[in-house]
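**Q** Below you'll find work.tsv; it's TSV, C-alpha atoms and all ligand atoms.
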```tsv
chain	number	residue	atom	x	y	z
W	1	MET	CA	5.95	-24.05	-8.38
W	2	LYS	CA	3.30	-21.87	-10.02
W	3	ILE	CA	2.52	-18.51	-8.42
W	4	LEU	CA	-0.30	-16.17	-9.45
W	5	ILE	CA	0.01	-12.47	-8.51
W	6	LEU	CA	-3.05	-10.18	-8.60
W	7	GLY	CA	-2.61	-6.51	-9.51
W	8	SER	CA	-1.14	-4.32	-12.21
W	9	GLY	CA	1.40	-1.93	-10.67
W	10	GLY	CA	5.04	-1.62	-9.67
W	11	ARG	CA	4.28	-3.59	-6.50
W	12	GLU	CA	3.22	-6.65	-8.49
W	13	HIS	CA	6.25	-6.38	-10.80
W	14	ALA	CA	8.47	-6.17	-7.69
W	15	ILE	CA	6.84	-9.22	-6.08
W	16	GLY	CA	7.42	-11.10	-9.34
W	17	LYS	CA	11.06	-10.04	-9.66
W	18	LYS	CA	11.77	-11.04	-6.05
W	19	LEU	CA	10.11	-14.46	-6.51
W	20	LEU	CA	12.10	-15.17	-9.69
W	21	LYS	CA	15.08	-15.79	-7.39
W	22	ASP	CA	13.21	-18.91	-6.21
W	23	SER	CA	12.80	-20.22	-9.77
W	24	VAL	CA	9.02	-20.19	-9.79
W	25	ASP	CA	6.68	-19.90	-12.77
W	26	LEU	CA	4.82	-16.62	-12.59
W	27	TYR	CA	1.30	-15.71	-13.69
W	28	PHE	CA	-0.19	-12.24	-13.31
W	29	TYR	CA	-3.72	-10.90	-13.47
W	30	PRO	CA	-4.07	-8.43	-15.03
W	31	GLY	CA	-0.34	-7.55	-14.79
W	32	ASN	CA	1.45	-4.87	-16.80
W	33	GLY	CA	4.16	-4.49	-19.46
W	34	GLY	CA	6.85	-5.34	-16.90
W	35	THR	CA	5.20	-8.47	-15.52
W	36	ASP	CA	4.71	-9.64	-19.13
W	37	GLN	CA	8.52	-9.89	-19.42
W	38	ILE	CA	8.93	-12.21	-16.43
W	39	GLY	CA	5.74	-14.28	-16.52
W	40	LYS	CA	2.43	-14.69	-18.24
W	41	ASN	CA	-0.27	-12.00	-18.04
W	42	ILE	CA	-3.66	-13.71	-18.00
W	43	LYS	CA	-6.31	-12.27	-20.27
W	44	ASN	CA	-10.05	-12.64	-20.77
W	45	ILE	CA	-11.06	-13.00	-17.14
W	46	HIS	CA	-14.16	-11.11	-16.07
W	47	SER	CA	-14.89	-12.08	-12.47
W	48	PRO	CA	-13.29	-13.50	-9.30
W	49	SER	CA	-15.01	-16.85	-10.02
W	50	GLU	CA	-13.40	-17.03	-13.48
W	51	LEU	CA	-10.05	-16.28	-11.88
W	52	CYS	CA	-10.65	-19.08	-9.39
W	53	PHE	CA	-11.52	-21.46	-12.24
W	54	PHE	CA	-8.27	-20.47	-14.01
W	55	ALA	CA	-6.20	-21.10	-10.86
W	56	LYS	CA	-7.77	-24.52	-10.30
W	57	LYS	CA	-7.46	-25.59	-13.92
W	58	ASN	CA	-3.82	-24.49	-14.14
W	59	ALA	CA	-2.86	-25.98	-10.77
W	60	ILE	CA	-1.65	-22.66	-9.32
W	61	ASP	CA	0.14	-23.47	-6.05
W	62	ILE	CA	-0.05	-20.07	-4.35
W	63	THR	CA	-1.88	-16.85	-5.22
W	64	ILE	CA	-0.65	-13.52	-3.81
W	65	VAL	CA	-3.12	-10.65	-3.68
W	66	GLY	CA	-1.40	-7.36	-4.50
W	67	SER	CA	-4.26	-4.91	-4.82
W	68	GLU	CA	-7.00	-4.42	-2.20
W	69	THR	CA	-9.65	-4.33	-4.94
W	70	PHE	CA	-9.53	-8.14	-5.15
W	71	LEU	CA	-9.79	-8.49	-1.37
W	72	LEU	CA	-12.98	-6.45	-1.30
W	73	GLU	CA	-14.38	-8.64	-4.09
W	74	LYS	CA	-13.96	-11.59	-1.66
W	75	ILE	CA	-11.28	-13.29	-3.76
W	76	VAL	CA	-9.72	-14.99	-0.71
W	77	ASP	CA	-13.04	-16.49	0.41
W	78	ILE	CA	-13.74	-17.72	-3.13
W	79	PHE	CA	-10.30	-19.33	-3.55
W	80	GLN	CA	-10.25	-20.89	-0.08
W	81	LYS	CA	-13.68	-22.46	-0.62
W	82	VAL	CA	-12.21	-24.68	-3.34
W	83	GLY	CA	-9.00	-25.40	-1.41
W	84	LEU	CA	-6.68	-22.99	-3.25
W	85	LYS	CA	-3.82	-21.47	-1.25
W	86	ILE	CA	-3.96	-17.69	-1.28
W	87	ILE	CA	-2.09	-14.95	0.62
W	88	GLY	CA	-4.43	-12.20	1.81
W	89	PRO	CA	-7.24	-11.64	4.34
W	90	HIS	CA	-10.73	-13.06	3.90
W	91	TYR	CA	-13.42	-10.44	3.38
W	92	LEU	CA	-14.30	-9.92	7.06
W	93	ALA	CA	-10.68	-9.10	7.91
W	94	ALA	CA	-10.18	-7.05	4.73
W	95	ARG	CA	-12.76	-4.63	6.15
W	96	LEU	CA	-9.95	-3.37	8.40
W	97	GLU	CA	-8.86	-1.56	5.24
W	98	GLY	CA	-12.10	-1.44	3.23
W	99	ASP	CA	-14.45	-0.07	5.88
W	100	ARG	CA	-12.99	2.83	7.84
W	101	ILE	CA	-15.82	2.84	10.37
W	102	PHE	CA	-15.24	-0.83	11.19
W	103	SER	CA	-11.54	-0.19	11.40
W	104	LYS	CA	-11.93	2.72	13.83
W	105	TYR	CA	-14.36	0.66	15.93
W	106	PHE	CA	-11.77	-2.15	16.10
W	107	MET	CA	-9.01	0.27	17.15
W	108	LYS	CA	-11.22	1.82	19.83
W	109	LYS	CA	-12.38	-1.55	21.17
W	110	TYR	CA	-8.81	-2.79	21.57
W	111	GLY	CA	-7.45	0.45	23.05
W	112	ILE	CA	-5.23	1.25	20.07
W	113	PRO	CA	-4.24	4.95	20.01
W	114	THR	CA	-5.92	6.57	17.00
W	115	PRO	CA	-6.98	10.17	16.35
W	116	LYS	CA	-10.35	11.02	17.93
W	117	TYR	CA	-13.26	10.95	15.51
W	118	LYS	CA	-17.00	11.04	14.94
W	119	THR	CA	-19.01	9.29	12.23
W	120	PHE	CA	-21.95	10.78	10.35
W	121	ASP	CA	-24.53	9.61	7.85
W	122	CYS	CA	-26.47	12.89	8.05
W	123	TYR	CA	-25.03	15.84	6.12
W	124	GLN	CA	-26.57	18.49	8.39
W	125	LYS	CA	-25.29	16.86	11.60
W	126	ALA	CA	-21.81	16.64	10.08
W	127	MET	CA	-22.02	20.34	9.12
W	128	ASP	CA	-23.15	21.30	12.65
W	129	PHE	CA	-20.23	19.33	14.10
W	130	LEU	CA	-17.77	21.10	11.81
W	131	GLU	CA	-19.21	24.42	12.95
W	132	GLU	CA	-18.47	23.68	16.60
W	133	THR	CA	-15.11	21.78	16.43
W	134	THR	CA	-12.07	23.64	17.65
W	135	TYR	CA	-9.39	21.35	16.20
W	136	SER	CA	-8.07	20.69	12.65
W	137	VAL	CA	-9.78	17.77	10.93
W	138	ALA	CA	-9.45	15.28	8.12
W	139	ILE	CA	-12.59	14.08	6.38
W	140	LYS	CA	-12.67	10.44	5.30
W	141	THR	CA	-15.23	8.41	3.40
W	142	ARG	CA	-16.34	5.14	4.97
W	143	GLY	CA	-15.25	3.13	1.92
W	144	ILE	CA	-11.74	3.53	0.55
W	145	ALA	CA	-12.86	4.99	-2.80
W	146	SER	CA	-9.79	3.65	-4.66
W	147	GLY	CA	-7.51	5.36	-2.15
W	148	LYS	CA	-9.00	8.81	-2.81
W	149	GLY	CA	-11.46	9.20	0.06
W	150	VAL	CA	-9.22	11.09	2.50
W	151	LEU	CA	-9.57	14.87	2.35
W	152	LEU	CA	-7.15	16.96	4.37
W	153	VAL	CA	-8.56	20.45	4.87
W	154	LYS	CA	-6.94	23.65	6.10
W	155	ASN	CA	-9.93	25.47	7.55
W	156	LYS	CA	-13.68	25.35	8.13
W	157	ALA	CA	-14.57	26.64	4.67
W	158	GLU	CA	-12.50	23.87	3.04
W	159	ALA	CA	-13.97	21.29	5.41
W	160	LYS	CA	-17.52	22.29	4.45
W	161	LYS	CA	-16.62	22.20	0.76
W	162	ALA	CA	-15.14	18.72	1.20
W	163	LEU	CA	-18.20	17.48	3.04
W	164	ASN	CA	-20.43	18.89	0.34
W	165	SER	CA	-18.50	17.11	-2.40
W	166	ILE	CA	-18.65	13.78	-0.53
W	167	MET	CA	-22.18	13.76	0.88
W	168	ARG	CA	-24.13	15.99	-1.52
W	169	ASP	CA	-22.31	15.72	-4.87
W	170	LYS	CA	-21.38	12.06	-4.23
W	171	LYS	CA	-17.89	12.59	-5.63
W	172	PHE	CA	-16.87	9.17	-4.29
W	173	GLY	CA	-20.21	7.46	-4.92
W	174	GLU	CA	-21.57	5.17	-2.20
W	175	SER	CA	-18.22	5.17	-0.36
W	176	GLY	CA	-19.20	8.59	0.96
W	177	ASN	CA	-22.67	7.71	2.30
W	178	LYS	CA	-21.04	7.75	5.73
W	179	VAL	CA	-18.11	9.91	6.69
W	180	ILE	CA	-15.58	10.06	9.48
W	181	ILE	CA	-14.49	13.45	10.76
W	182	GLU	CA	-11.17	12.84	12.43
W	183	GLU	CA	-8.77	15.01	14.36
W	184	PHE	CA	-5.78	15.93	12.20
W	185	LEU	CA	-2.58	15.14	14.10
W	186	GLN	CA	0.74	16.85	13.50
W	187	GLY	CA	3.75	14.56	13.27
W	188	ASN	CA	5.70	12.26	10.98
W	189	GLU	CA	4.06	9.42	9.11
W	190	ALA	CA	5.54	5.93	8.93
W	191	SER	CA	4.51	2.79	7.04
W	192	ILE	CA	5.12	-0.51	8.81
W	193	LEU	CA	4.43	-3.46	6.53
W	194	SER	CA	4.25	-6.89	8.14
W	195	ILE	CA	3.31	-10.50	7.51
W	196	PHE	CA	0.69	-12.30	9.58
W	197	ASN	CA	0.73	-16.11	9.81
W	198	GLY	CA	-2.45	-16.46	11.84
W	199	LYS	CA	-0.35	-16.54	15.03
W	200	ASN	CA	2.24	-13.75	14.93
W	201	ILE	CA	2.65	-10.46	13.11
W	202	ILE	CA	6.23	-10.04	11.91
W	203	PRO	CA	7.06	-6.43	10.96
W	204	PHE	CA	9.35	-5.51	8.08
W	205	LEU	CA	11.83	-2.61	8.20
W	206	SER	CA	10.14	0.77	8.58
W	207	ALA	CA	9.38	2.93	5.55
W	208	LYS	CA	8.54	6.58	4.91
W	209	ASP	CA	6.15	7.18	2.04
W	210	TYR	CA	5.71	10.53	0.23
W	211	LYS	CA	2.04	10.58	-0.69
W	212	LYS	CA	1.45	14.05	-2.14
W	213	ILE	CA	2.02	14.94	-5.79
W	214	GLY	CA	3.82	18.19	-5.00
W	215	GLU	CA	7.11	18.89	-3.28
W	216	LYS	CA	7.05	19.62	0.48
W	217	GLU	CA	3.92	17.43	0.67
W	218	THR	CA	1.60	19.77	-1.23
W	219	GLY	CA	-1.24	19.17	-3.66
W	220	LEU	CA	-3.34	16.07	-4.23
W	221	ASN	CA	-2.92	12.68	-2.63
W	222	THR	CA	-1.46	9.97	-4.86
W	223	GLY	CA	-0.77	6.26	-4.50
W	224	GLY	CA	2.76	7.30	-3.43
W	225	MET	CA	5.50	9.30	-5.17
W	226	GLY	CA	8.53	7.85	-3.41
W	227	THR	CA	9.73	6.07	-0.29
W	228	ILE	CA	12.81	5.79	1.88
W	229	VAL	CA	13.77	2.81	4.03
W	230	PRO	CA	14.33	2.82	6.94
W	231	ASN	CA	12.15	5.65	8.21
W	232	PRO	CA	14.43	8.00	10.20
W	233	HIS	CA	11.61	8.79	12.64
W	234	MET	CA	11.20	5.13	13.72
W	235	THR	CA	13.65	5.27	16.62
W	236	ASN	CA	13.99	2.38	19.11
W	237	ASP	CA	11.57	4.09	21.49
W	238	VAL	CA	9.00	4.52	18.73
W	239	TRP	CA	9.36	0.82	17.80
W	240	ILE	CA	8.75	-0.15	21.44
W	241	ASP	CA	5.70	2.14	21.63
W	242	PHE	CA	4.35	0.74	18.32
W	243	LYS	CA	4.81	-2.90	19.33
W	244	LYS	CA	3.29	-2.49	22.79
W	245	ASN	CA	0.39	-0.16	22.01
W	246	ILE	CA	-0.50	-0.98	18.41
W	247	LEU	CA	0.89	-4.32	17.18
W	248	GLU	CA	0.10	-6.40	20.27
W	249	PRO	CA	-3.47	-5.10	20.77
W	250	THR	CA	-4.06	-5.60	17.04
W	251	LEU	CA	-3.03	-9.25	17.37
W	252	GLU	CA	-5.27	-9.67	20.40
W	253	GLY	CA	-8.19	-8.10	18.52
W	254	LEU	CA	-7.66	-10.32	15.49
W	255	PHE	CA	-7.83	-13.42	17.72
W	256	LEU	CA	-10.80	-12.30	19.78
W	257	GLU	CA	-12.81	-11.16	16.75
W	258	LYS	CA	-11.88	-14.41	14.91
W	259	LEU	CA	-10.30	-12.40	12.11
W	260	THR	CA	-7.02	-14.31	11.75
W	261	PHE	CA	-5.63	-14.85	8.25
W	262	PHE	CA	-2.46	-15.46	6.24
W	263	GLY	CA	-1.33	-12.27	4.59
W	264	PHE	CA	0.00	-8.79	5.04
W	265	ILE	CA	-0.89	-5.98	7.43
W	266	TYR	CA	0.35	-2.48	6.72
W	267	PHE	CA	0.13	-0.11	9.68
W	268	GLY	CA	-0.17	3.57	8.66
W	269	LEU	CA	1.30	5.44	11.64
W	270	MET	CA	1.57	9.03	12.79
W	271	ILE	CA	4.50	9.63	15.15
W	272	THR	CA	3.69	12.61	17.37
W	273	SER	CA	5.27	14.22	20.42
W	274	ASN	CA	2.57	12.39	22.46
W	275	GLY	CA	3.38	8.95	21.10
W	276	VAL	CA	2.49	6.82	18.07
W	277	TYR	CA	-1.03	6.78	16.66
W	278	LEU	CA	-2.53	4.38	14.15
W	279	LEU	CA	-4.13	6.28	11.26
W	280	GLU	CA	-5.17	3.23	9.26
W	281	TYR	CA	-4.70	-0.44	8.51
W	282	ASN	CA	-4.13	-1.72	5.00
W	283	THR	CA	-4.41	-5.45	4.49
W	284	ARG	CA	-1.89	-5.67	1.64
W	285	LEU	CA	1.64	-4.56	0.82
W	286	GLY	CA	2.25	-0.83	0.29
W	287	ASP	CA	3.14	0.48	-3.15
W	288	PRO	CA	5.90	1.80	-3.49
W	289	GLU	CA	6.99	0.76	0.02
W	290	ILE	CA	7.54	-2.89	-0.91
W	291	GLN	CA	9.54	-1.92	-4.03
W	292	THR	CA	11.87	-0.01	-1.67
W	293	LEU	CA	12.02	-2.82	0.91
W	294	PHE	CA	12.69	-5.81	-1.37
W	295	PRO	CA	16.27	-4.83	-2.33
W	296	LEU	CA	17.14	-4.92	1.40
W	297	MET	CA	15.35	-8.23	2.08
W	298	LYS	CA	17.94	-11.02	2.15
W	299	SER	CA	15.44	-13.81	2.91
W	300	SER	CA	13.55	-15.69	0.24
W	301	PHE	CA	10.10	-14.13	-0.18
W	302	LEU	CA	8.75	-17.53	-1.19
W	303	HIS	CA	9.92	-18.99	2.14
W	304	ILE	CA	8.34	-16.10	4.03
W	305	ILE	CA	5.02	-16.68	2.29
W	306	GLN	CA	5.18	-20.43	2.81
W	307	SER	CA	5.97	-19.89	6.49
W	308	SER	CA	2.81	-17.80	6.76
W	309	LEU	CA	0.65	-20.34	4.94
W	310	PHE	CA	2.01	-23.22	7.03
W	311	GLN	CA	1.66	-21.19	10.24
W	312	GLN	CA	5.30	-21.50	11.26
W	313	LYS	CA	5.67	-20.01	14.68
W	314	ASN	CA	8.72	-17.86	14.10
W	315	ILE	CA	9.14	-16.39	10.66
W	316	LYS	CA	12.65	-14.99	10.62
W	317	ILE	CA	13.25	-12.31	8.01
W	318	HIS	CA	16.86	-11.30	7.33
W	319	TRP	CA	17.55	-7.75	6.19
W	320	GLU	CA	20.55	-5.76	4.94
W	321	LYS	CA	20.82	-3.77	8.16
W	322	LYS	CA	23.66	-1.49	7.03
W	323	LEU	CA	22.10	-0.36	3.74
W	324	TYR	CA	19.50	2.27	2.88
W	325	SER	CA	17.00	2.30	0.05
W	326	CYS	CA	15.22	5.10	-1.81
W	327	CYS	CA	12.52	4.79	-4.46
W	328	ILE	CA	11.53	7.59	-6.84
W	329	VAL	CA	8.24	7.24	-8.70
W	330	LEU	CA	8.35	8.53	-12.28
W	331	SER	CA	4.91	9.59	-13.42
W	332	SER	CA	3.05	11.15	-16.33
W	333	LYS	CA	2.54	14.90	-15.83
W	334	GLY	CA	-1.04	15.54	-14.73
W	335	TYR	CA	-1.29	12.42	-12.52
W	336	PRO	CA	-3.28	11.81	-10.24
W	337	GLU	CA	-5.79	13.62	-12.43
W	338	LYS	CA	-5.72	13.81	-16.25
W	339	TYR	CA	-2.54	12.77	-18.04
W	340	GLU	CA	-1.41	11.56	-21.45
W	341	SER	CA	0.14	8.16	-22.11
W	342	GLY	CA	1.71	6.52	-25.14
W	343	LYS	CA	5.04	8.38	-24.75
W	344	VAL	CA	8.29	6.62	-25.72
W	345	ILE	CA	10.57	6.01	-22.71
W	346	LYS	CA	14.28	6.44	-23.39
W	347	GLY	CA	17.07	4.99	-21.24
W	348	LEU	CA	15.16	2.06	-19.76
W	349	ASN	CA	16.99	-0.73	-21.59
W	350	SER	CA	20.32	0.26	-20.02
W	351	LEU	CA	18.98	1.18	-16.56
W	352	LYS	CA	20.69	-0.69	-13.70
W	353	GLU	CA	18.62	-2.85	-11.34
W	354	PRO	CA	16.67	-2.47	-9.15
W	355	PHE	CA	13.76	-0.79	-10.92
W	356	TYR	CA	10.17	-1.78	-11.54
W	357	ILE	CA	7.58	-1.08	-14.21
W	358	ALA	CA	4.43	0.50	-12.78
W	359	GLY	CA	2.66	1.51	-16.01
W	360	ALA	CA	4.52	0.94	-19.28
W	361	LYS	CA	4.44	-1.59	-22.10
W	362	LYS	CA	6.93	-2.84	-24.65
W	363	GLU	CA	5.92	-2.37	-28.28
W	364	LYS	CA	8.31	-3.33	-31.08
W	365	GLU	CA	11.32	-3.16	-28.73
W	366	LYS	CA	10.28	0.29	-27.45
W	367	TRP	CA	8.97	1.04	-23.96
W	368	ILE	CA	5.83	3.23	-23.98
W	369	THR	CA	4.10	4.88	-21.01
W	370	SER	CA	0.66	3.44	-20.25
W	371	SER	CA	-0.40	4.83	-16.87
W	372	GLY	CA	-0.13	7.66	-14.33
W	373	ARG	CA	2.65	6.08	-12.32
W	374	VAL	CA	5.14	4.76	-14.89
W	375	LEU	CA	8.38	3.58	-13.25
W	376	ASN	CA	9.85	2.95	-9.79
W	377	VAL	CA	13.57	3.66	-9.72
W	378	ILE	CA	15.51	2.47	-6.67
W	379	GLY	CA	18.84	3.65	-5.25
W	380	ILE	CA	20.72	1.66	-2.60
W	381	GLY	CA	23.51	3.16	-0.50
W	382	LYS	CA	25.54	2.90	2.67
W	383	SER	CA	23.87	6.09	3.91
W	384	ILE	CA	20.45	7.52	3.13
W	385	HIS	CA	22.16	10.36	1.23
W	386	GLU	CA	24.01	7.88	-0.96
W	387	ALA	CA	20.78	5.95	-1.61
W	388	ILE	CA	18.95	9.15	-2.59
W	389	LYS	CA	21.79	10.31	-4.85
W	390	THR	CA	22.02	6.90	-6.55
W	391	ALA	CA	18.26	6.91	-7.14
W	392	TYR	CA	18.25	10.42	-8.68
W	393	ASP	CA	21.35	9.64	-10.81
W	394	LYS	CA	19.41	6.69	-12.25
W	395	VAL	CA	16.27	8.81	-12.72
W	396	ASN	CA	18.29	11.34	-14.74
W	397	LYS	CA	19.03	8.63	-17.31
W	398	ILE	CA	15.32	8.22	-18.08
W	399	HIS	CA	13.46	10.54	-20.44
W	400	PHE	CA	9.95	10.71	-21.79
W	401	GLU	CA	7.63	13.51	-22.80
W	402	ASN	CA	5.66	14.88	-19.84
W	403	LEU	CA	7.83	13.07	-17.29
W	404	TYR	CA	7.15	14.25	-13.72
W	405	PHE	CA	8.77	13.19	-10.44
W	406	ARG	CA	9.29	14.79	-7.07
W	407	GLN	CA	12.78	16.17	-6.53
W	408	ASP	CA	12.60	16.08	-2.72
W	409	ILE	CA	12.16	12.41	-1.84
W	410	GLY	CA	14.10	11.71	1.36
W	411	LEU	CA	15.38	15.26	1.63
G	501	LIG	N1	1.88	3.92	-0.56
G	501	LIG	C1	0.64	3.89	0.03
G	501	LIG	C2	-0.18	2.72	-0.20
G	501	LIG	O1	0.26	1.71	-0.74
G	501	LIG	O2	-1.35	2.74	0.16
```
Written as C-alpha cells, that's how I'd like the structure from this file.
**A**
Amino acid sequence: MKILILGSGGREHAIGKKLLKDSVDLYFYPGNGGTDQIGKNIKNIHSPSELCFFAKKNAIDITIVGSETFLLEKIVDIFQKVGLKIIGPHYLAARLEGDRIFSKYFMKKYGIPTPKYKTFDCYQKAMDFLEETTYSVAIKTRGIASGKGVLLVKNKAEAKKALNSIMRDKKFGESGNKVIIEEFLQGNEASILSIFNGKNIIPFLSAKDYKKIGEKETGLNTGGMGTIVPNPHMTNDVWIDFKKNILEPTLEGLFLEKLTFFGFIYFGLMITSNGVYLLEYNTRLGDPEIQTLFPLMKSSFLHIIQSSLFQQKNIKIHWEKKLYSCCIVLSSKGYPEKYESGKVIKGLNSLKEPFYIAGAKKEKEKWITSSGRVLNVIGIGKSIHEAIKTAYDKVNKIHFENLYFRQDIGL
C-alpha cells in the first residue's frame, strides 16, 4: 500500500514511523530530514493540482493531511474530485479551524460552551468595546495566520496595542481584517484529538500541551514545546461534561450543516471551575500531541484510518492504559522568532526510540538543525514522573549549539 503524508514536521515523521509497522510504502510532501530516512520526500511540486497529479500517476492509495495549510488550499476537494482517497476535511469543514468567526458561529448555534465574544471589522468600534469591557480578553484574528493570530493581553494598554498591530499595522495580513475579542477564561487547557468517520467521533487519550516558549507558560506562543499524556485535569467528570456538551453537539452540528468528513478533529478545551469550554477546533492532528500519543496507541493506525474511510460504525482504538507519555520539544534558541540553523546535532544516532525529527537533515552522516523546532524526544513510564524523567534523561544526551528546551514540561 502506498501512503502519502502532507507536512514537514515532527507530526508527519511520527505518522510515518507509526505506519511503518503496517509495512506500507511512504511518500512525503514536502517532508523533512527524518521522513527522508523512512520514505521518499517528493520534490518539485508547486501547487495542490500538481500534488494531485503526482498521487494519481503514482497510484497513491491513501493521502493523510498533516498540516492545516493544505486543507485551506482545498487539497481534499481537489483529491476527492478525481477519486483519490484522502484523510482530512473538505474546505467547508476545514473552516472550523481556518475561519474563527465561522467556528464561533457554529459553536453558538449548537449550544457548545465557548468563551463569550464579539467580532469587529471596524478598528474604532473594537477600540470602543475594549474601553468599556470589564473582563480580561484575548484578541484573535479571523484567519489562523499560521497559528500566530491569538494575542493574550494582560491589560487594556496591551489590548489596544495588540489591536493596533492587527488592524492598523496588518501584522498578520488579511487574516486580521476581522477580529474576535473573546473573554479570557482561567483554567487548565486540554487537547482532545479524535477521528471522525462521517458517523462517529472517536476521541483519543487526553493530552496537555505546553504552548508558550518560556517556563511557567510565559513569553510568545509556539507550535508547542512539549506535551504530557494523559492530561491530569481530564477527570471522569470532565470527560462526561466534554462528551455531553461539546462532542455530541459538534456531531449534531456537523450532520445538520452537511459538514461530515473523514479525518481528525482536535478539540482545544479550557477546563474551568464552571465546566469545560471549547476554545477552538482544529481539523488535523496536534503537533506535538500526536507524537506523545502514538507510543501509547496499541492499535494499527492504518486500520484506524481505513475504518474512517470505509465508515465503519465502531472504530475501536486500543491504548496502553497503564503507561504515561511525555514529549519534550528541542528547539533552536530564538524560536519562535529569529534563530540560527545549520548546527551539528550530537547524540542522535544512539538515542533510544521513540523520538521524531521536526527540523533536521542528515548530511554526510551528520545530523544538522534546519528549523525552529528540531527534535521531539519522548519518555514513557509507569507514572507521569517516570515518563518525564525518562524524557529529560534522553534530552540530556542530545547537544547542539543554541539548543533550547523548556525544563518544566509536566511539572
Ligand atoms: N500543539 C498545538 C497544535 O498542534 O496546534
**Q** Could you check which of W:Glu363, W:Glu252, W:Glu182, W:Asp393 is closest to Leu152 in chain W, using all atoms listed in the file?
**A**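 For Leu152 in chain W, the nearest of the candidates is W:Glu182.
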**Q** Using only C-alpha atoms, which of the listed residues (W:Ile101, W:Leu84, W:Leu6, W:Cys326) sits closest to Ser175 in chain W?
**A**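 Under the stated criterion, the closest residue is W:Ile101.
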**Q** Mind checking which residues fall within 7 Å of range 9-25 of chain W, counting all atoms listed in the file, ignoring those fewer than 4 positions away in the same chain, and posting them as a PDB file with C-alpha atoms, in the frame of the given file?
**A**
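What landed in selection_4.pdb:
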```
ATOM      1  CA  MET W   1       5.950 -24.050  -8.380  1.00  0.00           C
ATOM      2  CA  LYS W   2       3.300 -21.870 -10.020  1.00  0.00           C
ATOM      3  CA  ILE W   3       2.520 -18.510  -8.420  1.00  0.00           C
ATOM      4  CA  ILE W   5       0.010 -12.470  -8.510  1.00  0.00           C
ATOM      5  CA  ASN W  32       1.450  -4.870 -16.800  1.00  0.00           C
ATOM      6  CA  GLY W  34       6.850  -5.340 -16.900  1.00  0.00           C
ATOM      7  CA  THR W  35       5.200  -8.470 -15.520  1.00  0.00           C
ATOM      8  CA  GLY W  39       5.740 -14.280 -16.520  1.00  0.00           C
ATOM      9  CA  GLY W  66      -1.400  -7.360  -4.500  1.00  0.00           C
ATOM     10  CA  ASP W 287       3.140   0.480  -3.150  1.00  0.00           C
ATOM     11  CA  PRO W 288       5.900   1.800  -3.490  1.00  0.00           C
ATOM     12  CA  ILE W 290       7.540  -2.890  -0.910  1.00  0.00           C
ATOM     13  CA  GLN W 291       9.540  -1.920  -4.030  1.00  0.00           C
ATOM     14  CA  PHE W 301      10.100 -14.130  -0.180  1.00  0.00           C
ATOM     15  CA  LEU W 302       8.750 -17.530  -1.190  1.00  0.00           C
ATOM     16  CA  TYR W 356      10.170  -1.780 -11.540  1.00  0.00           C
ATOM     17  CA  ILE W 357       7.580  -1.080 -14.210  1.00  0.00           C
ATOM     18  CA  ALA W 358       4.430   0.500 -12.780  1.00  0.00           C
ATOM     19  CA  GLY W 359       2.660   1.510 -16.010  1.00  0.00           C
ATOM     20  CA  ASN W 376       9.850   2.950  -9.790  1.00  0.00           C
TER      21      ASN W 376
END
```
**Q** Need the shell around range 403-406 of chain W: protein/DNA/RNA residues with any atom at most 8 Å away, counting all atoms listed in the file. Skip same-chain ones fewer than 3 positions apart. Format as a list of chain:residue names?
**A** W:Ile213, W:Gly214, W:Glu215, W:Met225, W:Gly226, W:Ile328, W:Val329, W:Leu330, W:Ser331, W:Ser332, W:Lys333, W:His399, W:Phe400, W:Ile409
**Q** List all protein, DNA and RNA residues that have an atom no more than 8 Å from any atom of ligand LIG 501 (chain G), counting all atoms listed in the file, and report them as a ChimeraX atom specification.
**A** /W:147,209-211,223-225,282,285-289
**Q** With all atoms listed in the file as the basis for distance, which of W:Leu163, W:Ile304, W:Val229, W:Val395 is at the shortest distance from Ile192 in chain W?
**A**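 The answer is W:Val229, which sits nearest to Ile192 in chain W.
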**Q** Smallest atom-to-atom distance to Leu96 in chain W: which of W:Ser67, W:Gln37, W:Thr283, W:Thr292, using all atoms listed in the file?
**A**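 Going through W:Ser67, W:Gln37, W:Thr283, W:Thr292 one by one, the smallest distance to Leu96 in chain W is for W:Thr283.
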**Q** Up to 8 Å from (27.9, 1.7, 2.2) in the file's coordinates: name the residues, counting all atoms listed in the file, as number ranges by chain.
**A** W: 322-323, 381-383, 386
**Q** Enter the distance from CA of Ile388 in chain W to CA of Ala360 in chain W, in Å, rounded to one decimal.
**A**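 Distance between the two atoms: 23.5 Å.
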**Q** What gap, in Å, lies between CA of Thr260 in chain W and CA of Glu280 in chain W?
**A**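 The value is 17.8 Å.
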**Q** From the list W:Asn197, W:Ser371, W:Gln186, W:Ser103, which residue is nearest Gly263 in chain W when using all atoms listed in the file?
**A**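 Nearest candidate to Gly263 in chain W out of W:Asn197, W:Ser371, W:Gln186, W:Ser103: W:Asn197.
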